[in-house]
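> Quick one, work.cif (mmCIF, C-alpha atoms):
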```cif
data_structure
#
loop_
_atom_site.label_atom_id
_atom_site.label_comp_id
_atom_site.auth_asym_id
_atom_site.auth_seq_id
_atom_site.Cartn_x
_atom_site.Cartn_y
_atom_site.Cartn_z
CA MET A 23 23.84 2.60 6.81
CA SER A 24 23.32 5.36 9.35
CA ALA A 25 21.25 4.65 12.46
CA ALA A 26 19.22 7.73 11.48
CA PHE A 27 17.93 5.96 8.34
CA THR A 28 16.94 2.29 8.07
CA THR A 29 15.08 0.55 5.28
CA ARG A 30 13.67 -2.90 4.60
CA VAL A 31 11.78 -4.45 1.69
CA LEU A 32 8.77 -6.67 2.33
CA HIS A 33 7.78 -9.30 -0.23
CA VAL A 34 3.99 -9.49 -0.27
CA ALA A 35 1.93 -12.13 -2.10
CA THR A 36 -1.38 -10.52 -3.07
CA GLY A 37 -2.71 -13.48 -5.06
CA SER A 38 -4.90 -13.41 -8.14
CA ARG A 39 -7.70 -11.19 -6.83
CA GLU A 40 -8.00 -7.53 -5.97
CA ARG A 41 -6.87 -6.90 -2.42
CA VAL A 42 -6.57 -4.41 0.37
CA MET A 43 -3.89 -5.92 2.61
CA ASP A 44 -3.26 -4.62 6.11
CA LEU A 45 0.47 -4.00 6.59
CA THR A 46 0.22 -2.35 10.02
CA ARG A 47 1.76 -5.27 11.93
CA ASP A 48 4.64 -5.43 9.45
CA CYS A 49 5.22 -1.70 9.94
CA GLU A 50 5.12 -2.05 13.73
CA ALA A 51 7.54 -4.99 13.67
CA PHE A 52 9.95 -3.01 11.48
CA LEU A 53 9.74 0.01 13.82
CA ARG A 54 10.46 -2.05 16.95
CA GLU A 55 13.86 -2.80 15.44
CA ALA A 56 14.55 0.29 13.32
CA ALA A 57 13.21 3.07 15.55
CA ALA A 58 14.33 1.55 18.86
CA GLY A 59 12.19 3.97 20.86
CA ARG A 60 13.08 7.08 18.83
CA ASP A 61 10.88 9.67 17.17
CA GLY A 62 10.90 10.01 13.40
CA LEU A 63 9.02 9.22 10.21
CA LEU A 64 8.02 5.97 8.57
CA ASN A 65 7.74 6.02 4.80
CA VAL A 66 5.87 3.18 3.11
CA PHE A 67 6.51 2.96 -0.64
CA VAL A 68 5.26 0.51 -3.26
CA PRO A 69 7.59 0.53 -6.31
CA HIS A 70 4.86 -0.57 -8.72
CA ALA A 71 2.87 1.29 -11.38
CA THR A 72 -0.34 -0.51 -10.44
CA ALA A 73 -0.60 -0.46 -6.63
CA GLY A 74 -0.98 2.07 -3.86
CA VAL A 75 -0.81 2.68 -0.11
CA ALA A 76 -3.87 3.79 1.84
CA ILE A 77 -4.52 4.63 5.47
CA LEU A 78 -7.99 3.37 6.33
CA GLU A 79 -10.07 1.26 8.67
CA THR A 80 -10.06 -2.45 7.88
CA GLY A 81 -12.28 -5.33 8.94
CA ALA A 82 -15.50 -3.32 9.18
CA GLY A 83 -16.18 -3.17 5.44
CA SER A 84 -14.17 -0.05 4.52
CA ASP A 85 -11.62 -2.15 2.64
CA ASP A 86 -14.38 -3.70 0.51
CA ASP A 87 -16.00 -0.26 0.14
CA LEU A 88 -12.71 1.11 -1.20
CA LEU A 89 -12.50 -1.64 -3.82
CA ALA A 90 -16.16 -1.02 -4.76
CA ALA A 91 -15.52 2.72 -5.10
CA LEU A 92 -12.48 2.02 -7.28
CA HIS A 93 -14.64 -0.23 -9.50
CA THR A 94 -17.10 2.64 -9.93
CA LEU A 95 -14.41 5.23 -10.54
CA LEU A 96 -12.07 3.00 -12.58
CA PRO A 97 -14.12 0.26 -14.27
CA ALA A 98 -12.29 -2.78 -15.62
CA ASP A 99 -13.46 -2.43 -19.20
CA ASP A 100 -12.03 -1.58 -22.62
CA ARG A 101 -12.09 2.25 -22.34
CA TRP A 102 -8.40 2.49 -21.34
CA GLN A 103 -5.62 3.41 -23.77
CA HIS A 104 -3.16 1.22 -21.87
CA ARG A 105 -4.25 -2.20 -23.17
CA HIS A 106 -1.75 -4.93 -22.31
CA GLY A 107 -2.60 -7.56 -19.69
CA SER A 108 -6.06 -8.61 -18.55
CA PRO A 109 -9.12 -6.81 -19.93
CA GLY A 110 -9.39 -3.43 -18.20
CA HIS A 111 -5.81 -3.57 -16.93
CA GLY A 112 -5.27 0.03 -18.05
CA ARG A 113 -7.28 1.18 -15.04
CA ASP A 114 -4.69 -0.43 -12.74
CA HIS A 115 -2.13 2.00 -14.16
CA VAL A 116 -4.41 4.93 -13.25
CA LEU A 117 -4.91 3.70 -9.66
CA PRO A 118 -1.76 5.37 -8.22
CA ALA A 119 -3.15 8.78 -9.18
CA PHE A 120 -6.01 8.12 -6.72
CA VAL A 121 -4.33 5.82 -4.19
CA PRO A 122 -0.71 7.04 -4.12
CA PRO A 123 2.16 4.54 -4.00
CA HIS A 124 3.44 6.01 -0.73
CA ALA A 125 2.54 7.26 2.75
CA THR A 126 4.67 9.01 5.36
CA LEU A 127 3.59 8.58 8.97
CA PRO A 128 4.77 9.96 12.32
CA VAL A 129 6.63 7.73 14.75
CA LEU A 130 6.75 8.80 18.42
CA GLY A 131 8.76 6.88 20.98
CA GLY A 132 9.33 4.15 18.42
CA ARG A 133 5.60 3.62 17.85
CA LEU A 134 3.54 4.29 14.78
CA GLU A 135 1.11 7.14 15.48
CA LEU A 136 -2.12 5.99 13.88
CA GLY A 137 -5.65 6.86 14.91
CA THR A 138 -7.70 4.23 16.71
CA TRP A 139 -9.22 2.75 13.56
CA GLN A 140 -6.45 3.51 11.07
CA SER A 141 -4.39 0.83 9.36
CA VAL A 142 -1.59 0.98 6.78
CA CYS A 143 -2.79 -0.91 3.70
CA LEU A 144 -1.48 -2.05 0.35
CA VAL A 145 -4.14 -1.55 -2.33
CA ASP A 146 -3.64 -3.84 -5.32
CA THR A 147 -6.21 -4.11 -8.13
CA ASN A 148 -3.78 -5.71 -10.59
CA THR A 149 -4.67 -9.39 -10.80
CA ASP A 150 -1.83 -9.94 -13.30
CA ASN A 151 0.88 -9.41 -10.66
CA ALA A 152 0.58 -11.58 -7.56
CA ASP A 153 3.91 -10.56 -6.00
CA ARG A 154 4.55 -7.08 -4.62
CA LEU A 155 7.40 -5.27 -2.94
CA VAL A 156 6.81 -2.75 -0.16
CA ARG A 157 9.72 -0.62 1.04
CA LEU A 158 9.58 0.50 4.67
CA SER A 159 12.00 3.32 5.58
CA PHE A 160 12.51 4.91 8.99
CA LEU A 161 14.11 8.30 9.33
CA GLY A 162 14.87 9.14 12.96
#
```
Give the structure from the file, written as structure tokens.


Amino acid sequence: MSAAFTTRVLHVATGSRERVMDLTRDCEAFLREAAAGRDGLLNVFVPHATAGVAILETGAGSDDDLLAALHTLLPADDRWQHRHGSPGHGRDHVLPAFVPPHATLPVLGGRLELGTWQSVCLVDTNTDNADRLVRLSFLG
């Protein structure tokens, strides 16, 4: 593979509850190797129909606020046409329309350019799937 493009797949265990998982350290570790001090773009992609990638503050309640907002917007009840899985699972399939399954971020000098309080997060409301893949790709 060209030095201009490098990719790696992370295997992430989200467990049996809804989660917002901070992946920032994983992204930074990948970039230390893949970017090697260069400028470029980091793409974070979740190849799942029921998970997304968000850039938000974590640890101060915003992650819990996001899950609460998703519960209000996408309740886990029987209104959904998509009906397999746990009750309300159809809403998990609507999630990526609101929290997209990807984010592309600037990399300068090999470092992820995030704001002071920004983190790269996996958002997973699907309690039926405890194992997720996250593809990190650097284009330099």

> I need the residue nearest Leu130 of chain A from this list: A:Glu55, A:Glu50, A:Asp100, A:Asp61. Use all atoms listed in the file for the distance.

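Of A:Glu55, A:Glu50, A:Asp100, A:Asp61, the one nearest Leu130 of chain A is A:Asp61, counting all atoms listed in the file.
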
> Could you state the separation of atom CA of His106 of chain A and atom CA of Ala71 of chain A in Å, given to one decimal place?

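Atom-to-atom, atom CA of His106 of chain A and atom CA of Ala71 of chain A are spaced 13.4 Å apart.
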
> For atom CA of Val142 of chain A and atom CA of Gly37 of chain A, determine how far apart the two atoms are, in Å to one decimal place.

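Interatomic distance, atom CA of Val142 of chain A to atom CA of Gly37 of chain A: 18.7 Å.
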
> For the file shown, report as a list in words the outcome of the PyMOL selection byres ((chain A and resi 47) around 12) at residue level.

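Output from the PyMOL selection byres ((chain A and resi 47) around 12), applied to this file: Leu32, Met43, Asp44, Leu45, Thr46, Asp48, Cys49, Glu50, Ala51, Phe52, Leu53, Arg54, Arg133, Leu134, Ser141, Val142 and Cys143 of chain A.
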
> Please enumerate the residues selected by the PyMOL selection byres ((chain A and resi 57) around 9) when evaluated against the supplied file, formatted as a count of residues only.

20

> Please expand the PyMOL selection byres ((chain A and resi 155) around 8) into the concrete residues it hits in this file, giving the result as a list of chain:residue names.

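Those residues are A:Val31, A:Leu32, A:His33, A:Val34, A:Val68, A:Pro69, A:His70, A:Asp153, A:Arg154, A:Val156, A:Arg157.
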
> So how far away is atom CA of Trp139 of chain A from atom CA of Gly83 of chain A, in Å?

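Pair atom CA of Gly83 of chain A / atom CA of Trp139 of chain A returns 12.2 Å.
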
> Any idea what's packed within 12 Å of Ala119 of chain A, counting only C-alpha atoms, ignoring anything in its chain fewer than 2 positions away? Could you give it as a PDB file with C-alpha atoms, in the frame of the given file?


```
ATOM      1  CA  ALA A  71       2.870   1.290 -11.380  1.00  0.00           C
ATOM      2  CA  THR A  72      -0.340  -0.510 -10.440  1.00  0.00           C
ATOM      3  CA  ALA A  73      -0.600  -0.460  -6.630  1.00  0.00           C
ATOM      4  CA  GLY A  74      -0.980   2.070  -3.860  1.00  0.00           C
ATOM      5  CA  VAL A  75      -0.810   2.680  -0.110  1.00  0.00           C
ATOM      6  CA  LEU A  92     -12.480   2.020  -7.280  1.00  0.00           C
ATOM      7  CA  LEU A  95     -14.410   5.230 -10.540  1.00  0.00           C
ATOM      8  CA  LEU A  96     -12.070   3.000 -12.580  1.00  0.00           C
ATOM      9  CA  ARG A 113      -7.280   1.180 -15.040  1.00  0.00           C
ATOM     10  CA  ASP A 114      -4.690  -0.430 -12.740  1.00  0.00           C
ATOM     11  CA  HIS A 115      -2.130   2.000 -14.160  1.00  0.00           C
ATOM     12  CA  VAL A 116      -4.410   4.930 -13.250  1.00  0.00           C
ATOM     13  CA  LEU A 117      -4.910   3.700  -9.660  1.00  0.00           C
ATOM     14  CA  VAL A 121      -4.330   5.820  -4.190  1.00  0.00           C
ATOM     15  CA  PRO A 122      -0.710   7.040  -4.120  1.00  0.00           C
ATOM     16  CA  PRO A 123       2.160   4.540  -4.000  1.00  0.00           C
ATOM     17  CA  HIS A 124       3.440   6.010  -0.730  1.00  0.00           C
TER      18      HIS A 124
END
```

> For Gly81 of chain A, which residue out of A:Leu144, A:Ala35, A:Leu136, A:Val42 is the nearest one, using only C-alpha atoms?

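The shortest atom-to-atom distance to Gly81 of chain A comes from A:Val42.
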
> Do you know which residues are at most 10 Å from Gln103 of chain A counting all atoms listed in the file, after dropping those on the same chain fewer than 5 positions away, and could you put them as a PyMOL selection string?

chain A and resi 110-113

> Which is closer to Leu63 of chain A than all the others in A:Gly137, A:Pro128, A:Pro97, A:Pro109, using all atoms listed in the file?

A:Pro128

> Could you check which of A:Asp99, A:Phe27, A:Ala82, A:Thr36 is closest to Leu158 of chain A, using only C-alpha atoms?

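Of A:Asp99, A:Phe27, A:Ala82, A:Thr36, the one nearest Leu158 of chain A, counting only C-alpha atoms, is A:Phe27.
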
> For Ser159 of chain A, which of A:Ala125, A:Val145, A:Val66, A:Ala91 is the closest residue, counting only C-alpha atoms?

A:Val66
